[in-house]
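Have a look at model-v8.pdb; it's PDB, C-alpha atoms, pLDDT in the B column:
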MODEL        1
ATOM      1  CA  MET A   1       1.590 -49.746  37.467  1.00 50.00           C
ATOM      2  CA  THR A   2      -2.099 -49.107  36.759  1.00 57.00           C
ATOM      3  CA  ALA A   3      -2.653 -47.878  40.319  1.00 54.00           C
ATOM      4  CA  LYS A   4      -0.032 -45.175  39.799  1.00 55.00           C
ATOM      5  CA  LYS A   5      -1.524 -44.297  36.432  1.00 55.00           C
ATOM      6  CA  ASN A   6      -5.030 -44.056  37.919  1.00 58.00           C
ATOM      7  CA  ARG A   7      -3.709 -41.836  40.702  1.00 53.00           C
ATOM      8  CA  ALA A   8      -2.005 -39.584  38.168  1.00 49.00           C
ATOM      9  CA  THR A   9      -5.174 -39.227  36.114  1.00 57.00           C
ATOM     10  CA  GLU A  10      -7.137 -38.537  39.301  1.00 55.00           C
ATOM     11  CA  ILE A  11      -4.749 -35.744  40.286  1.00 52.00           C
ATOM     12  CA  PHE A  12      -5.060 -34.116  36.879  1.00 62.00           C
ATOM     13  CA  ALA A  13      -8.841 -34.505  36.720  1.00 78.00           C
ATOM     14  CA  ALA A  14     -10.804 -31.429  35.713  1.00 77.00           C
ATOM     15  CA  SER A  15     -12.288 -31.093  39.184  1.00 81.00           C
ATOM     16  CA  HIS A  16      -8.866 -30.907  40.818  1.00 85.00           C
ATOM     17  CA  ILE A  17      -7.530 -28.437  38.275  1.00 88.00           C
ATOM     18  CA  LEU A  18     -10.563 -26.165  38.621  1.00 87.00           C
ATOM     19  CA  SER A  19     -10.420 -26.539  42.380  1.00 90.00           C
ATOM     20  CA  ALA A  20      -6.766 -25.500  42.484  1.00 91.00           C
ATOM     21  CA  LEU A  21      -7.400 -22.526  40.204  1.00 90.00           C
ATOM     22  CA  TYR A  22     -10.345 -21.399  42.326  1.00 91.00           C
ATOM     23  CA  PHE A  23      -8.193 -21.683  45.452  1.00 94.00           C
ATOM     24  CA  ILE A  24      -5.481 -19.559  43.837  1.00 93.00           C
ATOM     25  CA  ALA A  25      -8.076 -16.997  42.729  1.00 91.00           C
ATOM     26  CA  GLY A  26      -9.538 -16.880  46.245  1.00 91.00           C
ATOM     27  CA  VAL A  27      -6.146 -16.323  47.836  1.00 92.00           C
ATOM     28  CA  ALA A  28      -5.352 -13.640  45.259  1.00 89.00           C
ATOM     29  CA  LEU A  29      -8.606 -11.810  45.986  1.00 87.00           C
ATOM     30  CA  LEU A  30      -7.922 -11.983  49.720  1.00 88.00           C
ATOM     31  CA  ALA A  31      -4.397 -10.693  49.107  1.00 87.00           C
ATOM     32  CA  LEU A  32      -5.860  -7.728  47.224  1.00 82.00           C
ATOM     33  CA  MET A  33      -7.819  -6.862  50.353  1.00 81.00           C
ATOM     34  CA  THR A  34      -4.547  -6.204  52.214  1.00 81.00           C
ATOM     35  CA  GLN A  35      -3.499  -3.420  49.851  1.00 77.00           C
ATOM     36  CA  PRO A  36      -3.257  -0.001  51.472  1.00 72.00           C
ATOM     37  CA  LYS A  37      -5.685   1.617  49.045  1.00 73.00           C
ATOM     38  CA  TYR A  38      -9.400   1.230  49.600  1.00 68.00           C
ATOM     39  CA  MET A  39     -10.556  -2.114  48.264  1.00 69.00           C
ATOM     40  CA  PRO A  40     -14.238  -3.070  48.233  1.00 78.00           C
ATOM     41  CA  ILE A  41     -15.347  -5.677  50.779  1.00 82.00           C
ATOM     42  CA  HIS A  42     -16.928  -7.805  48.067  1.00 83.00           C
ATOM     43  CA  LEU A  43     -13.450  -8.825  46.898  1.00 83.00           C
ATOM     44  CA  GLY A  44     -12.824 -10.487  50.248  1.00 86.00           C
ATOM     45  CA  ILE A  45     -16.231 -12.151  50.289  1.00 90.00           C
ATOM     46  CA  LEU A  46     -15.704 -13.449  46.763  1.00 91.00           C
ATOM     47  CA  GLY A  47     -12.254 -14.704  47.756  1.00 90.00           C
ATOM     48  CA  ILE A  48     -13.659 -16.616  50.733  1.00 93.00           C
ATOM     49  CA  LEU A  49     -16.402 -18.089  48.543  1.00 93.00           C
ATOM     50  CA  ASP A  50     -13.784 -19.174  45.994  1.00 92.00           C
ATOM     51  CA  ILE A  51     -11.842 -21.030  48.694  1.00 93.00           C
ATOM     52  CA  ILE A  52     -15.038 -22.714  49.948  1.00 93.00           C
ATOM     53  CA  VAL A  53     -15.908 -23.738  46.382  1.00 91.00           C
ATOM     54  CA  SER A  54     -12.400 -25.128  45.964  1.00 91.00           C
ATOM     55  CA  TYR A  55     -12.891 -27.438  48.937  1.00 91.00           C
ATOM     56  CA  GLY A  56     -16.405 -28.458  47.909  1.00 89.00           C
ATOM     57  CA  ILE A  57     -15.461 -29.283  44.333  1.00 88.00           C
ATOM     58  CA  THR A  58     -12.509 -31.369  45.500  1.00 86.00           C
ATOM     59  CA  LYS A  59     -14.757 -33.396  47.817  1.00 85.00           C
ATOM     60  CA  MET A  60     -17.657 -33.427  45.287  1.00 84.00           C
ATOM     61  CA  ARG A  61     -20.256 -32.481  47.900  1.00 84.00           C
ATOM     62  CA  ARG A  62     -23.837 -31.769  46.865  1.00 86.00           C
ATOM     63  CA  TRP A  63     -23.865 -28.323  48.481  1.00 88.00           C
ATOM     64  CA  SER A  64     -20.813 -27.314  46.489  1.00 87.00           C
ATOM     65  CA  LEU A  65     -22.798 -27.543  43.265  1.00 88.00           C
ATOM     66  CA  TYR A  66     -25.061 -24.695  44.362  1.00 90.00           C
ATOM     67  CA  VAL A  67     -22.329 -22.635  45.996  1.00 91.00           C
ATOM     68  CA  ALA A  68     -20.062 -23.030  42.965  1.00 90.00           C
ATOM     69  CA  ALA A  69     -22.829 -22.072  40.541  1.00 91.00           C
ATOM     70  CA  SER A  70     -23.770 -18.957  42.488  1.00 92.00           C
ATOM     71  CA  THR A  71     -20.123 -17.999  43.029  1.00 92.00           C
ATOM     72  CA  SER A  72     -19.391 -18.443  39.320  1.00 91.00           C
ATOM     73  CA  VAL A  73     -22.298 -16.213  38.363  1.00 92.00           C
ATOM     74  CA  LEU A  74     -21.178 -13.595  40.918  1.00 91.00           C
ATOM     75  CA  SER A  75     -17.640 -13.833  39.531  1.00 90.00           C
ATOM     76  CA  LEU A  76     -18.908 -13.324  35.992  1.00 92.00           C
ATOM     77  CA  VAL A  77     -20.841 -10.227  37.010  1.00 92.00           C
ATOM     78  CA  PHE A  78     -17.921  -8.871  39.056  1.00 88.00           C
ATOM     79  CA  GLY A  79     -15.420  -9.602  36.295  1.00 88.00           C
ATOM     80  CA  GLY A  80     -17.579  -8.149  33.544  1.00 89.00           C
ATOM     81  CA  VAL A  81     -18.343  -4.932  35.391  1.00 88.00           C
ATOM     82  CA  THR A  82     -14.719  -4.535  36.466  1.00 83.00           C
ATOM     83  CA  LEU A  83     -13.473  -5.213  32.951  1.00 85.00           C
ATOM     84  CA  ALA A  84     -15.882  -2.677  31.452  1.00 85.00           C
ATOM     85  CA  ALA A  85     -14.911  -0.038  34.001  1.00 82.00           C
ATOM     86  CA  ILE A  86     -11.173  -0.602  33.784  1.00 79.00           C
ATOM     87  CA  VAL A  87     -10.908  -0.675  29.987  1.00 78.00           C
ATOM     88  CA  LYS A  88     -11.686   3.030  29.836  1.00 77.00           C
ATOM     89  CA  LEU A  89      -9.354   3.978  32.699  1.00 76.00           C
ATOM     90  CA  LEU A  90      -6.193   2.034  31.915  1.00 71.00           C
ATOM     91  CA  SER A  91      -3.493   2.949  29.471  1.00 73.00           C
ATOM     92  CA  SER A  92      -1.359   0.660  27.340  1.00 75.00           C
ATOM     93  CA  ASP A  93       1.183   0.219  30.131  1.00 76.00           C
ATOM     94  CA  THR A  94       2.468  -3.323  30.747  1.00 81.00           C
ATOM     95  CA  VAL A  95       1.013  -3.496  34.259  1.00 76.00           C
ATOM     96  CA  ASP A  96      -2.379  -2.353  33.022  1.00 75.00           C
ATOM     97  CA  ILE A  97      -2.373  -5.006  30.310  1.00 80.00           C
ATOM     98  CA  LEU A  98      -1.485  -7.669  32.882  1.00 84.00           C
ATOM     99  CA  ILE A  99      -4.379  -6.531  35.078  1.00 80.00           C
ATOM    100  CA  LEU A 100      -6.760  -6.835  32.137  1.00 84.00           C
ATOM    101  CA  LEU A 101      -5.422 -10.296  31.282  1.00 88.00           C
ATOM    102  CA  GLY A 102      -5.898 -11.366  34.900  1.00 86.00           C
ATOM    103  CA  ILE A 103      -9.517 -10.240  34.888  1.00 87.00           C
ATOM    104  CA  ILE A 104     -10.121 -11.998  31.562  1.00 90.00           C
ATOM    105  CA  ALA A 105      -8.555 -15.186  32.978  1.00 91.00           C
ATOM    106  CA  TYR A 106     -10.831 -14.935  36.043  1.00 90.00           C
ATOM    107  CA  ILE A 107     -13.885 -14.604  33.797  1.00 92.00           C
ATOM    108  CA  ALA A 108     -12.724 -17.596  31.733  1.00 92.00           C
ATOM    109  CA  LEU A 109     -12.265 -19.607  34.945  1.00 90.00           C
ATOM    110  CA  SER A 110     -15.825 -18.787  35.988  1.00 91.00           C
ATOM    111  CA  VAL A 111     -17.187 -19.850  32.597  1.00 92.00           C
ATOM    112  CA  ALA A 112     -15.165 -23.084  32.750  1.00 90.00           C
ATOM    113  CA  MET A 113     -16.562 -23.812  36.226  1.00 89.00           C
ATOM    114  CA  LEU A 114     -20.137 -23.286  35.041  1.00 90.00           C
ATOM    115  CA  ILE A 115     -19.582 -25.591  32.063  1.00 90.00           C
ATOM    116  CA  TYR A 116     -18.038 -28.205  34.360  1.00 89.00           C
ATOM    117  CA  LEU A 117     -20.975 -27.973  36.784  1.00 87.00           C
ATOM    118  CA  VAL A 118     -23.503 -28.418  33.989  1.00 88.00           C
ATOM    119  CA  LEU A 119     -21.691 -31.447  32.584  1.00 87.00           C
ATOM    120  CA  LYS A 120     -20.973 -33.153  35.927  1.00 84.00           C
ATOM    121  CA  ARG A 121     -24.001 -32.186  38.039  1.00 83.00           C
ATOM    122  CA  ASP A 122     -25.108 -35.828  38.447  1.00 84.00           C
ATOM    123  CA  GLU A 123     -21.790 -36.870  40.008  1.00 81.00           C
ATOM    124  CA  PHE A 124     -22.136 -34.680  43.097  1.00 75.00           C
ATOM    125  CA  LEU A 125     -23.118 -36.665  46.200  1.00 68.00           C
TER     126      LEU A 125
ENDMDL
END

Translate this file's structure into structure tokens.
Amino acid sequence: MTAKKNRATEIFAASHILSALYFIAGVALLALMTQPKYMPIHLGILGILDIIVSYGITKMRRWSLYVAASTSVLSLVFGGVTLAAIVKLLSSDTVDILILLGIIAYIALSVAMLIYLVLKRDEFL
């Protein structure tokens, strides 16, 4: 009984949740690259970095600490600049509001990852 409970708490650990969210964000950024309109190459690079961070955080590797920190800072800069630029261009349409909420969620994910890295930096191998 306790082995199942320990496994359940391990699955829902903060590292696994953040890892899954970073993987989803990376796939979403790569999916944006396939859109027919011109999309900047840095979206694809950031998406690939998010997927790499997802793997590294799950395995708790030492290198992932540095890659995750730099990727989180890049994501904060990208999200902040994009948010500032889009706020002036978008209307109050439902799709536009959903885009803004997605960018805000991505920024919040980056902040949560940085907080997690600061609190758990000694646990990385």

9 Å contact set for stretch 16-18 of chain A, all atoms listed in the file, chain neighbours under 6 positions out, as an NGL selection string: :A and (10 or 54 or 57-58 or 109 or 112-113 or 116)

I'd like the residues picked by the PyMOL selection byres ((chain A and resi 73) around 12) written out as a PyMOL selection string, using the chain letters and numbers from the file. chain A and resi 46+49-50+66-72+74-80+106-115+117

Residue contacts of A:Gly44 (9 Å, all atoms listed in the file) excluding same-chain residues fewer than 2 positions away, as a CSV table (one decimal) with C-alpha atoms, in the coordinates of the input:
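Just written: selection36.csv:
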chain,number,residue,atom,x,y,z
A,26,GLY,CA,-9.5,-16.9,46.2
A,29,LEU,CA,-8.6,-11.8,46.0
A,30,LEU,CA,-7.9,-12.0,49.7
A,31,ALA,CA,-4.4,-10.7,49.1
A,32,LEU,CA,-5.9,-7.7,47.2
A,33,MET,CA,-7.8,-6.9,50.4
A,39,MET,CA,-10.6,-2.1,48.3
A,40,PRO,CA,-14.2,-3.1,48.2
A,41,ILE,CA,-15.3,-5.7,50.8
A,42,HIS,CA,-16.9,-7.8,48.1
A,46,LEU,CA,-15.7,-13.4,46.8
A,47,GLY,CA,-12.3,-14.7,47.8
A,48,ILE,CA,-13.7,-16.6,50.7
A,49,LEU,CA,-16.4,-18.1,48.5

What is the distance, in Å and to one decimal place, between atom CA of A:Ser64 and atom CA of A:Ser15?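 Separation of atom CA of A:Ser64 and atom CA of A:Ser15: 11.8 Å.
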
Which of A:Phe124, A:Ala25, A:Leu89, A:Ser19 sits closest to A:Ala105 [using only C-alpha atoms]: A:Ala25

I want to know what sits within 10 Å of A:Glu123, based on only C-alpha atoms, with residues of the same chain fewer than 4 positions away left out; could you give that as a PyMOL selection string? chain A and resi 60-62+65+117+119

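Atom CA of A:Pro36 lies 29.2 Å from atom CA of A:Tyr55.
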
Please measure the separation of atom CA of A:Val27 and atom CA of A:Ile51, giving the value in Å to one decimal. 7.4 Å

Emit as lines of an AutoDock Vina configuration file the padded axis-aligned box for all listed atoms of stretch 36-50 of chain A, 6 Å per side, with centre and edge lengths in Å to one decimal.
center_x = -10.1
center_y = -8.8
center_z = 48.7
size_x = 25.7
size_y = 32.8
size_z = 17.5
